[in-house]
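Read the structure below first, then the notes.
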Amino acid sequence: MLVQLLANGILSGCIYALIALGFGLIYTTTRTFHFAHGAIYTLSAYLFYTFYSLYAWPVWVAVILATAAAALAGILIDRVIYLPLIRRGSSRLVPLLSSTGLYIVIVNFIAIVFGNNTKIPSPGVQPTLVIGTLVLTRSQLLALGSFVVLFVFVLVMLRTTSLGRKIRALRDDPELVSALGINPLKTRTIVFGFGSSLAAIAAIISALDVGIDPNIGLAATLTSAVALFVGGVGILEGAVFGAFLLGTLQALTIWQVSARWQDAVTFLLLLFFLTFRPQGVLGRRHRSDEVAV
Amino acid sequence: MNYLFQVLTIISIYSILALSLNLLIGYTGLLSLSHAAFYGIGAYIGTLSGIVFGLSFFPCLLLAIAGTVAISFVVSLPSLRLKGDYFVLASLSFQTIVFVVLYNWIAVTRGPFGLTNIARPTLFGFSLSSDFAYFVFSGIIALACLGLLYLIGHSPFGRLLKAVREDEIAVSALGKDITRLKVTAFAIAAGFAAVAGLLFAGHVRYLDPTSFTLLESVFVVSIIIIGGAGNVSGPLIGTVLLVTLPEVLRFVGIPYTIAPNLRQIIYGLLIILVLRFKPQGISGEYGFE
């Protein structure tokens, strides 16, 4: 029982990690609290549902279209909403608030078009894999596989390619980056596009697993924010570590207390870290993060 | 006519919420996403005091304010050291935790089943059960709250809060205790939110946790963004505008199935547009620059 719960925790950690990886990449590189990340998550789940279940297109076409649409949406949000505010020299709270407004707009638009009820893109019982006493569903394995592949890809990309160096440079010192003649706008665009497509992949897997409703994005945003700040801002593995910690902790909460108290435990963990270790488990301490408003 | 009085009662309640949150956002520069939590805590403490101890309105109100202010210290003491996104996240965490507790602590709050048949107060032998009487009552309380908040805003304390907003380091260099100023502002805002909560409970006569969600907190923040922050007129204009918006939608004949979503889309768009093109809102003193 405990082994199964822990396995479930780690596998839901894979989904959280994919969302948080995108959110964290955007936050650590551009310092934008991208609340609308959750709206992109919801949007791509509904696009996948439309292409795959309503139009009955092949699954790979639906996946590619939904992921590409998410990337495009992320880039557009950056260009239309965040960049004008940043160019005006606004404080970091203003993009956060605009992003929240945008989240509300997108999610309610989806609710008007599709209704508020739950949709199940993949009806019927999922095939499972049984290892001893452990039962794993197809979507869980899909989550694990996608996470491993994408995480390795991100790590290798950041550490070895010139794009990765630009992203890390933008994270460390945006002004120096432009002084060196690197176009920060191009790097931002890639970060927003790629981060958003990670959310889309997580959304599709989760949609196949448990179905979708217009409010799934709020949990996605909040979970990735908690994972990022608990794991550690400023270091990419932080968000992933936080996501697995969260998945495991939620599984233990279900075991010891009840699923209904999951959110309370999650946010108590965040409050604990914000109070006693604001740099997170793996993060380095930046005084400027606490002083800059 | 009763419909008009109900809308006016809601405006009174939200004007207290908006102007008290304005003390944090507009004066002190603290973006708190936990106002609906204090609003809810006040509503539940006040209503439960009435049900369990059989107290009349004003003792319930005092208990609600005292309880909510006490809880505000638990949150504000650790989280007010945090800045920017970190403080926003801390207040958001508290908001979520309060919602989960209200929803799941069924023995006390009755959770999703809610508290039903809440009695409206009787004052000096005069029952406030009609919508008109309750509107007059909440209007008077709201005016008293607005007066108090105006006085606080224009007191030396209020000016210090504005100074904290403009330059925290300069204020501490003058020997002022920043944390104490912020904690006090937080407690005052929480106390007023409790008053609004108890008025709300008497108005709808039914309490359940879904009135006190994170999105409700965002709604109150958006009243301040759209109306304007840092003075009295901004949040008041924002309240009237956003509270009457669903009623306007109803009159122009938007089907009731999409009206709640359309209302949210409109206020979400207003947030984005105001922040982009008019950071000080319709009539605010302090801009979200």
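Residue numbering restarts at 1 in every chain; chains get A, B, ... in the order shown in the structure tokens, and ligands count up from 1 in that same order.
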
Report task. From a DSSP pass on the backbone, collect the residues of region 227-269 of chain B flagged as helix (DSSP H, G or I) and hand them back as a count of residues only. Result -> 31

Query raised in the report: Any idea which chain A residues end up within 8 Å of chain B if we count only C-alpha atoms, as a ChimeraX atom specification please?
Result: /A:33,81,84-85,89-94,97-106,108-109,111-112,260-261,263-264,267-268,270-271,274-275,289-293

Report task. Write out as a PyMOL selection string the residues lying within 7 Å of Asn116 (chain A), counting only C-alpha atoms and excluding same-chain residues fewer than 2 positions away. Result -> chain A and resi 111+114+118+213-214

Based on the selection just made, write N, CA and C atoms of those residues as a short mmCIF file (atom, residue, chain, number, x, y, z; two decimals), in the first residue's frame.
data_model
loop_
_atom_site.label_atom_id
_atom_site.label_comp_id
_atom_site.auth_asym_id
_atom_site.auth_seq_id
_atom_site.Cartn_x
_atom_site.Cartn_y
_atom_site.Cartn_z
N ALA A 111 -14.17 28.22 -20.37
CA ALA A 111 -15.39 27.74 -19.71
C ALA A 111 -16.62 28.09 -20.53
N PHE A 114 -16.43 25.61 -23.74
CA PHE A 114 -16.55 24.17 -23.51
C PHE A 114 -17.46 23.79 -22.36
N THR A 118 -16.50 18.23 -16.46
CA THR A 118 -15.26 17.50 -16.76
C THR A 118 -15.38 16.78 -18.09
N ASP A 213 -11.02 19.92 -16.70
CA ASP A 213 -12.08 20.91 -16.52
C ASP A 213 -11.41 22.28 -16.52
N PRO A 214 -12.17 23.37 -16.64
CA PRO A 214 -11.51 24.68 -16.83
C PRO A 214 -10.60 25.09 -15.68
#

**Report entry** Long-range neighbours of Gly283 (chain A) as a PyMOL selection string, 7 Å cut-off, only C-alpha atoms, 6 positions minimum in chain
**Finding:** chain A and resi 232-235+238

Got time to write the residues from that selection, N, CA and C atoms, as a CSV table (one decimal), in the first residue's frame?
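Just written: out-v7.csv:
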chain,number,residue,atom,x,y,z
A,232,GLY,N,14.0,25.5,-4.9
A,232,GLY,CA,15.1,26.5,-5.0
A,232,GLY,C,15.1,27.3,-6.2
A,233,VAL,N,14.9,28.6,-6.1
A,233,VAL,CA,14.9,29.5,-7.3
A,233,VAL,C,16.3,29.7,-7.7
A,234,GLY,N,16.5,29.9,-9.0
A,234,GLY,CA,17.8,30.2,-9.5
A,234,GLY,C,18.6,29.0,-10.0
A,235,ILE,N,18.1,27.9,-9.7
A,235,ILE,CA,18.8,26.7,-10.1
A,235,ILE,C,17.7,25.7,-10.7
A,238,GLY,N,16.2,22.8,-9.0
A,238,GLY,CA,15.4,23.1,-7.9
A,238,GLY,C,13.9,22.8,-8.0
